[in-house]
Structure formats: structure tokens, C-alpha cells
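Engineer: So here's my_file-v4.pdb (PDB, C-alpha atoms).
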```
ATOM      1  CA  MET A   1      14.166   2.400 -14.711
ATOM      2  CA  ILE A   2      15.034   4.037 -11.388
ATOM      3  CA  ILE A   3      18.458   4.467  -9.801
ATOM      4  CA  TYR A   4      18.340   5.182  -6.076
ATOM      5  CA  ASP A   5      20.208   5.578  -2.823
ATOM      6  CA  LEU A   6      19.103   6.368   0.703
ATOM      7  CA  GLU A   7      20.538   7.633   3.960
ATOM      8  CA  ILE A   8      19.597   6.745   7.516
ATOM      9  CA  GLN A   9      18.644   8.839  10.559
ATOM     10  CA  LYS A  10      20.651   7.129  13.295
ATOM     11  CA  LEU A  11      24.319   6.282  13.572
ATOM     12  CA  VAL A  12      25.425   2.658  13.627
ATOM     13  CA  PRO A  13      27.485   1.909  16.753
ATOM     14  CA  PRO A  14      31.187   1.808  15.851
ATOM     15  CA  ARG A  15      33.218  -1.366  16.279
ATOM     16  CA  ASP A  16      35.567   0.354  18.690
ATOM     17  CA  GLY A  17      32.612   1.188  20.953
ATOM     18  CA  LYS A  18      33.355   4.927  21.020
ATOM     19  CA  ILE A  19      29.905   6.491  21.071
ATOM     20  CA  LEU A  20      29.654  10.179  20.214
ATOM     21  CA  PRO A  21      27.685  12.181  22.752
ATOM     22  CA  ASP A  22      24.581  14.034  21.592
ATOM     23  CA  PHE A  23      23.838  11.617  18.742
ATOM     24  CA  ASN A  24      21.245   8.853  18.504
ATOM     25  CA  TYR A  25      22.254   5.315  17.544
ATOM     26  CA  CYS A  26      20.433   2.262  16.251
ATOM     27  CA  ALA A  27      21.156  -1.214  17.639
ATOM     28  CA  GLY A  28      23.457  -2.263  14.762
ATOM     29  CA  TRP A  29      23.739  -3.004  11.037
ATOM     30  CA  THR A  30      20.634  -5.209  10.965
ATOM     31  CA  ASP A  31      18.398  -2.828  12.962
ATOM     32  CA  TYR A  32      16.630  -1.607   9.827
ATOM     33  CA  VAL A  33      13.611  -0.320  11.760
ATOM     34  CA  GLY A  34      15.806   1.502  14.283
ATOM     35  CA  MET A  35      18.006   3.121  11.645
ATOM     36  CA  GLY A  36      15.189   5.247  10.275
ATOM     37  CA  LEU A  37      14.960   6.716   6.777
ATOM     38  CA  ALA A  38      16.523  10.175   6.563
ATOM     39  CA  CYS A  39      16.105  10.627   2.809
ATOM     40  CA  LEU A  40      15.972   8.803  -0.505
ATOM     41  CA  ALA A  41      17.261  10.257  -3.759
ATOM     42  CA  LEU A  42      16.476   8.745  -7.126
ATOM     43  CA  TYR A  43      16.991   9.267 -10.805
ATOM     44  CA  ASP A  44      13.997   8.471 -12.987
ATOM     45  CA  CYS A  45      15.532   7.359 -16.289
ATOM     46  CA  VAL A  46      12.287   7.687 -18.245
ATOM     47  CA  ARG A  47      11.607  11.260 -17.127
ATOM     48  CA  GLN A  48      15.330  12.050 -16.849
ATOM     49  CA  GLU A  49      14.684  13.720 -13.481
ATOM     50  CA  TYR A  50      16.219  13.573 -10.036
ATOM     51  CA  HIS A  51      13.993  13.568  -6.934
ATOM     52  CA  VAL A  52      14.519  13.566  -3.175
ATOM     53  CA  PHE A  53      12.056  12.034  -0.713
ATOM     54  CA  ASP A  54      11.871  11.786   3.057
ATOM     55  CA  GLU A  55       9.890   9.727   5.534
ATOM     56  CA  PHE A  56       6.841  11.953   5.024
ATOM     57  CA  ASN A  57       6.240  11.099   1.359
ATOM     58  CA  LEU A  58       6.889   7.355   1.283
ATOM     59  CA  ASP A  59       3.734   6.736  -0.725
ATOM     60  CA  GLN A  60       5.359   8.526  -3.667
ATOM     61  CA  ILE A  61       8.375   6.226  -3.455
ATOM     62  CA  GLN A  62       6.137   3.154  -3.547
ATOM     63  CA  LYS A  63       4.260   4.486  -6.596
ATOM     64  CA  ARG A  64       7.499   5.044  -8.494
ATOM     65  CA  PHE A  65       8.856   1.598  -7.609
ATOM     66  CA  ASP A  66       5.587  -0.029  -8.647
ATOM     67  CA  LYS A  67       5.669   1.656 -12.074
ATOM     68  CA  THR A  68       9.257   0.807 -12.993
ATOM     69  CA  ASP A  69      10.591  -2.396 -14.496
ATOM     70  CA  LEU A  70      14.130  -2.037 -13.101
ATOM     71  CA  ILE A  71      15.474  -0.644  -9.813
ATOM     72  CA  VAL A  72      19.226   0.008  -9.735
ATOM     73  CA  GLY A  73      21.427   0.798  -6.777
ATOM     74  CA  PHE A  74      24.649   0.052  -4.953
ATOM     75  CA  ASN A  75      24.260  -2.497  -2.119
ATOM     76  CA  ILE A  76      20.477  -2.266  -2.302
ATOM     77  CA  LEU A  77      19.842  -5.981  -1.876
ATOM     78  CA  LYS A  78      21.579  -6.215   1.497
ATOM     79  CA  PHE A  79      20.911  -2.725   2.842
ATOM     80  CA  ASP A  80      18.732  -0.081   1.166
ATOM     81  CA  ASN A  81      15.837  -2.379   0.244
ATOM     82  CA  ASN A  82      15.728  -3.653   3.839
ATOM     83  CA  ILE A  83      15.437  -0.104   5.196
ATOM     84  CA  LEU A  84      12.504   0.519   2.841
ATOM     85  CA  ARG A  85      10.860  -2.758   3.828
ATOM     86  CA  ALA A  86      10.976  -1.560   7.448
ATOM     87  CA  TYR A  87       8.679   1.238   6.222
ATOM     88  CA  ASP A  88       6.409  -1.249   4.420
ATOM     89  CA  ILE A  89       7.717  -0.276   0.974
ATOM     90  CA  LYS A  90       7.313  -3.346  -1.207
ATOM     91  CA  ILE A  91      10.272  -4.067  -3.465
ATOM     92  CA  GLN A  92      10.660  -7.157  -5.596
ATOM     93  CA  ASP A  93      14.302  -8.227  -5.559
ATOM     94  CA  SER A  94      13.692  -9.713  -9.007
ATOM     95  CA  LYS A  95      13.263  -6.124 -10.311
ATOM     96  CA  CYS A  96      16.556  -5.031  -8.723
ATOM     97  CA  TYR A  97      20.023  -4.732 -10.173
ATOM     98  CA  ASP A  98      22.607  -4.308  -7.417
ATOM     99  CA  LEU A  99      25.871  -2.954  -8.790
ATOM    100  CA  LEU A 100      27.866  -4.042  -5.727
ATOM    101  CA  ALA A 101      26.610  -7.618  -5.958
ATOM    102  CA  GLU A 102      27.321  -7.784  -9.699
ATOM    103  CA  ILE A 103      30.793  -6.267  -9.340
ATOM    104  CA  ALA A 104      31.694  -8.636  -6.477
ATOM    105  CA  ARG A 105      30.508 -11.576  -8.597
ATOM    106  CA  ALA A 106      32.572 -10.354 -11.565
ATOM    107  CA  ALA A 107      35.604  -9.973  -9.292
ATOM    108  CA  GLY A 108      35.218 -13.623  -8.289
ATOM    109  CA  THR A 109      34.137 -12.914  -4.703
ATOM    110  CA  PRO A 110      30.330 -12.887  -4.652
ATOM    111  CA  ASN A 111      30.157 -12.872  -0.855
ATOM    112  CA  ASP A 112      33.126 -10.606  -0.119
ATOM    113  CA  PHE A 113      32.652  -6.887  -0.725
ATOM    114  CA  LYS A 114      35.893  -5.755   0.921
ATOM    115  CA  GLY A 115      37.655  -3.142  -1.202
ATOM    116  CA  LEU A 116      34.585  -2.657  -3.406
ATOM    117  CA  SER A 117      33.081   0.498  -1.944
ATOM    118  CA  LEU A 118      31.348   2.926  -4.277
ATOM    119  CA  ASN A 119      34.150   5.378  -3.590
ATOM    120  CA  ALA A 120      36.928   2.879  -4.406
ATOM    121  CA  ILE A 121      35.222   1.732  -7.605
ATOM    122  CA  CYS A 122      34.584   5.279  -8.821
ATOM    123  CA  GLU A 123      38.138   6.371  -7.961
ATOM    124  CA  ALA A 124      39.508   3.442  -9.994
ATOM    125  CA  ASN A 125      37.213   4.039 -12.959
ATOM    126  CA  PHE A 126      36.621   7.798 -13.062
ATOM    127  CA  LYS A 127      39.511   9.223 -11.005
ATOM    128  CA  SER A 128      36.948  10.911  -8.741
ATOM    129  CA  GLY A 129      34.906   9.577  -5.871
ATOM    130  CA  LYS A 130      32.260  10.379  -3.343
ATOM    131  CA  THR A 131      31.613  13.808  -1.864
ATOM    132  CA  GLY A 132      31.548  12.491   1.700
ATOM    133  CA  ASP A 133      31.138   9.465   3.929
ATOM    134  CA  GLY A 134      27.795   7.740   4.400
ATOM    135  CA  ALA A 135      28.605   7.229   8.072
ATOM    136  CA  ASP A 136      28.273  11.007   8.482
ATOM    137  CA  ALA A 137      24.801  11.198   6.916
ATOM    138  CA  PRO A 138      23.005  10.494  10.224
ATOM    139  CA  LYS A 139      24.973  13.362  11.796
ATOM    140  CA  LEU A 140      23.718  15.682   9.063
ATOM    141  CA  TYR A 141      20.176  14.478   9.678
ATOM    142  CA  GLN A 142      20.357  14.799  13.454
ATOM    143  CA  THR A 143      21.850  18.297  13.266
ATOM    144  CA  LYS A 144      19.104  19.273  10.791
ATOM    145  CA  ASN A 145      21.617  19.988   8.016
ATOM    146  CA  PHE A 146      19.130  18.721   5.455
ATOM    147  CA  GLY A 147      20.518  20.583   2.449
ATOM    148  CA  SER A 148      23.923  18.932   2.853
ATOM    149  CA  LEU A 149      22.249  15.560   3.523
ATOM    150  CA  PHE A 150      20.138  15.759   0.357
ATOM    151  CA  ASN A 151      23.112  16.938  -1.708
ATOM    152  CA  TYR A 152      25.260  14.067  -0.423
ATOM    153  CA  CYS A 153      22.591  11.460  -1.189
ATOM    154  CA  MET A 154      21.977  12.960  -4.645
ATOM    155  CA  ALA A 155      25.724  12.906  -5.370
ATOM    156  CA  ASP A 156      25.776   9.175  -4.580
ATOM    157  CA  VAL A 157      22.894   8.633  -7.024
ATOM    158  CA  ARG A 158      24.831  10.515  -9.694
ATOM    159  CA  LEU A 159      27.903   8.323  -9.085
ATOM    160  CA  THR A 160      25.775   5.176  -9.128
ATOM    161  CA  LYS A 161      24.227   6.296 -12.425
ATOM    162  CA  LYS A 162      27.671   7.013 -13.882
ATOM    163  CA  LEU A 163      28.888   3.565 -12.833
ATOM    164  CA  PHE A 164      25.744   1.890 -14.165
ATOM    165  CA  ASP A 165      26.125   3.739 -17.479
ATOM    166  CA  ARG A 166      29.707   2.435 -17.730
ATOM    167  CA  VAL A 167      28.520  -1.145 -17.166
ATOM    168  CA  ILE A 168      25.764  -0.754 -19.774
ATOM    169  CA  ASP A 169      27.946   0.996 -22.360
ATOM    170  CA  ALA A 170      31.247  -0.862 -21.931
ATOM    171  CA  GLY A 171      30.272  -4.048 -20.096
ATOM    172  CA  HIS A 172      33.361  -3.860 -17.915
ATOM    173  CA  ILE A 173      35.000  -1.778 -15.209
ATOM    174  CA  ILE A 174      38.346  -1.627 -13.435
ATOM    175  CA  ASN A 175      38.434  -3.729 -10.264
ATOM    176  CA  PRO A 176      39.816  -1.376  -7.573
ATOM    177  CA  ARG A 177      41.391  -4.306  -5.716
ATOM    178  CA  ASN A 178      43.939  -5.025  -8.443
ATOM    179  CA  ASN A 179      43.360  -2.419 -11.209
ATOM    180  CA  GLN A 180      42.430  -5.186 -13.685
ATOM    181  CA  TRP A 181      39.454  -5.029 -16.034
ATOM    182  CA  ILE A 182      36.487  -7.236 -15.130
ATOM    183  CA  ARG A 183      33.385  -7.954 -17.177
ATOM    184  CA  VAL A 184      30.209  -7.124 -15.262
ATOM    185  CA  ASN A 185      26.873  -8.700 -16.157
ATOM    186  CA  ARG A 186      24.306  -6.264 -17.447
ATOM    187  CA  PRO A 187      20.707  -6.424 -16.248
ATOM    188  CA  ARG A 188      18.536  -8.944 -18.071
TER
END
```
For the file at hand, write its structure as C-alpha cells.
Structural biologist:
Amino acid sequence: MIIYDLEIQKLVPPRDGKILPDFNYCAGWTDYVGMGLACLALYDCVRQEYHVFDEFNLDQIQKRFDKTDLIVGFNILKFDNNILRAYDIKIQDSKCYDLLAEIARAAGTPNDFKGLSLNAICEANFKSGKTGDGADAPKLYQTKNFGSLFNYCMADVRLTKKLFDRVIDAGHIINPRNNQWIRVNRPR
């Protein structure tokens, strides 16, 4: 089993239209090719090891995904997997367990993710959240602050693993929208 997260190279244009000078932007949230892969961090559950990859060692990512029976992440079905597919990484959705999708389904809103960010869920369940904001990751990449970028991505993998472990061990989490317990389906 692998738990992963990735960050992108280019900023997504903000809704208010205020573009920051000196930064590169993609065309929008569905411009997976234009976003670019800044880095990918993963936890290999069999080896009990963390790894960080960039766009220059994509073949290693593909090998790891091919060898695993389960790929876990947060919002991977709608976002992360699509970024990897833009780089010709082949991922079978049937091998994927998306925590966001499962939590939204358990909360009774399978198509509405509002209020279900990784940060909000972790704050509600662990009283601690993310180390930063994913929207800032492209800034770290573009300013060549790779150490901070890799650390941020790795911290998100650690949080995703902690959340996944809670689902596996307890079978339920606190819904951050209303602070009520919800039962979350485990992977099959």
C-alpha cells in the first residue's frame, strides 16, 4: 500500500483575478498538463519508508504504483491522479482509496466537498492541522525553495496517513462540518 500527495509547479489563477507578478500560472483547475508536477511524496507501507520524487524520476513513481495493491490519498481521484496522468503515469482508479471522496460520502454529500479540507478534518479529529497552504506550494517551487516544498508535501502525506490509520483502526471520524461522528467505509 502507498499513501501519496503531490504539489504543482504553477499557481492556479485566483477567482478574484488578482495575479501576482513574477509568478507563472496555469490556465485553471483542469489544466493538469499546464500545472506541472513540482514533487510527489509517498509513504510505502510495506517498507515503512517515506520518499520524495520530482519530475525527473517519474519512472520510479510508476514502478511503485504498479507494484502496490492499494493507493491512498486525499482528493486523488479528482486532482492528483489527473496530474500524474498528464505525465503518462498510469493509475487504475480501482486501486485507489480517496479519503476525501469516502468522507464526503459518509457525511451524506458525495459531490460536495465544502468544509472537508484535509486541514479541517485533521483539526476536528487530531486538534492539529496542516503546516501550510497548498496554494503556496507553487510559490515555493518557483522561488526554488525546494526543501520547504518537500517538507510541506511530506507533512501532508503524514497527515493523510494519520487520517487513514484512524479510518482503518476506528472506522469513524469527526465530521468537521458539525462535529458529529460519521462512519467511513474502509478500503475493500
Engineer: To verify the selection step, state as a compact mmCIF listing (two decimals) with C-alpha atoms, in the coordinates of the input which residues the PyMOL selection byres ((chain A and resi 168-184) around 8) yields on this input.
Structural biologist:
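Saved the output as expr08.txt:
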```txt
# COMPACT_ATOMS: atom_id res chain seq x y z
CA GLU A 102 27.32 -7.78 -9.70
CA ILE A 103 30.79 -6.27 -9.34
CA ALA A 106 32.57 -10.35 -11.56
CA ALA A 107 35.60 -9.97 -9.29
CA GLY A 115 37.66 -3.14 -1.20
CA LEU A 116 34.58 -2.66 -3.41
CA ALA A 120 36.93 2.88 -4.41
CA ILE A 121 35.22 1.73 -7.60
CA GLU A 123 38.14 6.37 -7.96
CA ALA A 124 39.51 3.44 -9.99
CA ASN A 125 37.21 4.04 -12.96
CA PHE A 164 25.74 1.89 -14.16
CA ASP A 165 26.12 3.74 -17.48
CA ARG A 166 29.71 2.44 -17.73
CA VAL A 167 28.52 -1.14 -17.17
CA ASN A 185 26.87 -8.70 -16.16
CA ARG A 186 24.31 -6.26 -17.45
```
Engineer: I'd like the residues picked by the PyMOL selection byres ((chain A and resi 127-138) around 7) written out as a ChimeraX atom specification, using the chain letters and numbers from the file.
Structural biologist: /A:7-11,119,122-126,139-142,149,152,155-156
Engineer: Please, what distance in Å, to one decimal, runs between atom CA of A:Tyr43 and atom CA of A:Asp66?
Structural biologist: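 Separation between atom CA of A:Tyr43 and atom CA of A:Asp66: 14.9 Å.
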Engineer: For this structure, which residues satisfy the selection - the PyMOL selection byres ((chain A and resi 72) around 6) - when it is evaluated on the file as given? I want them as number ranges by chain.
Structural biologist: A: 3, 71, 73, 96-98
Engineer: Could those selected residues go to a file with C-alpha atoms, as a PDB file, in the coordinates of the input?
Structural biologist:
```pdb
ATOM      1  CA  ILE A   3      18.458   4.467  -9.801  1.00  0.00           C
ATOM      2  CA  ILE A  71      15.474  -0.644  -9.813  1.00  0.00           C
ATOM      3  CA  GLY A  73      21.427   0.798  -6.777  1.00  0.00           C
ATOM      4  CA  CYS A  96      16.556  -5.031  -8.723  1.00  0.00           C
ATOM      5  CA  TYR A  97      20.023  -4.732 -10.173  1.00  0.00           C
ATOM      6  CA  ASP A  98      22.607  -4.308  -7.417  1.00  0.00           C
TER       7      ASP A  98
END
```
Engineer: Kindly extract all protein, DNA and RNA residues lying within 10 Å of the coordinates (19.2, 0.1, 8.6) given in the file, considering all atoms listed in the file, and supply them as a list in words.
Structural biologist: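 Protein, DNA and RNA residues close to (19.2, 0.1, 8.6): Glu7, Ile8, Gln9, Lys10, Leu11, Val12, Cys26, Ala27, Gly28, Trp29, Thr30, Asp31, Tyr32, Val33, Gly34, Met35, Gly36, Leu37, Lys78, Phe79, Asp80, Asn81, Asn82, Ile83, Leu84 and Ala86 of chain A.
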Engineer: For a test of reading the model, state the distance in Å between atom CA of A:Cys39 and atom CA of A:Pro14, rounded to one decimal.
Structural biologist: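 Value for the atom CA of A:Cys39-atom CA of A:Pro14 distance: 21.8 Å.
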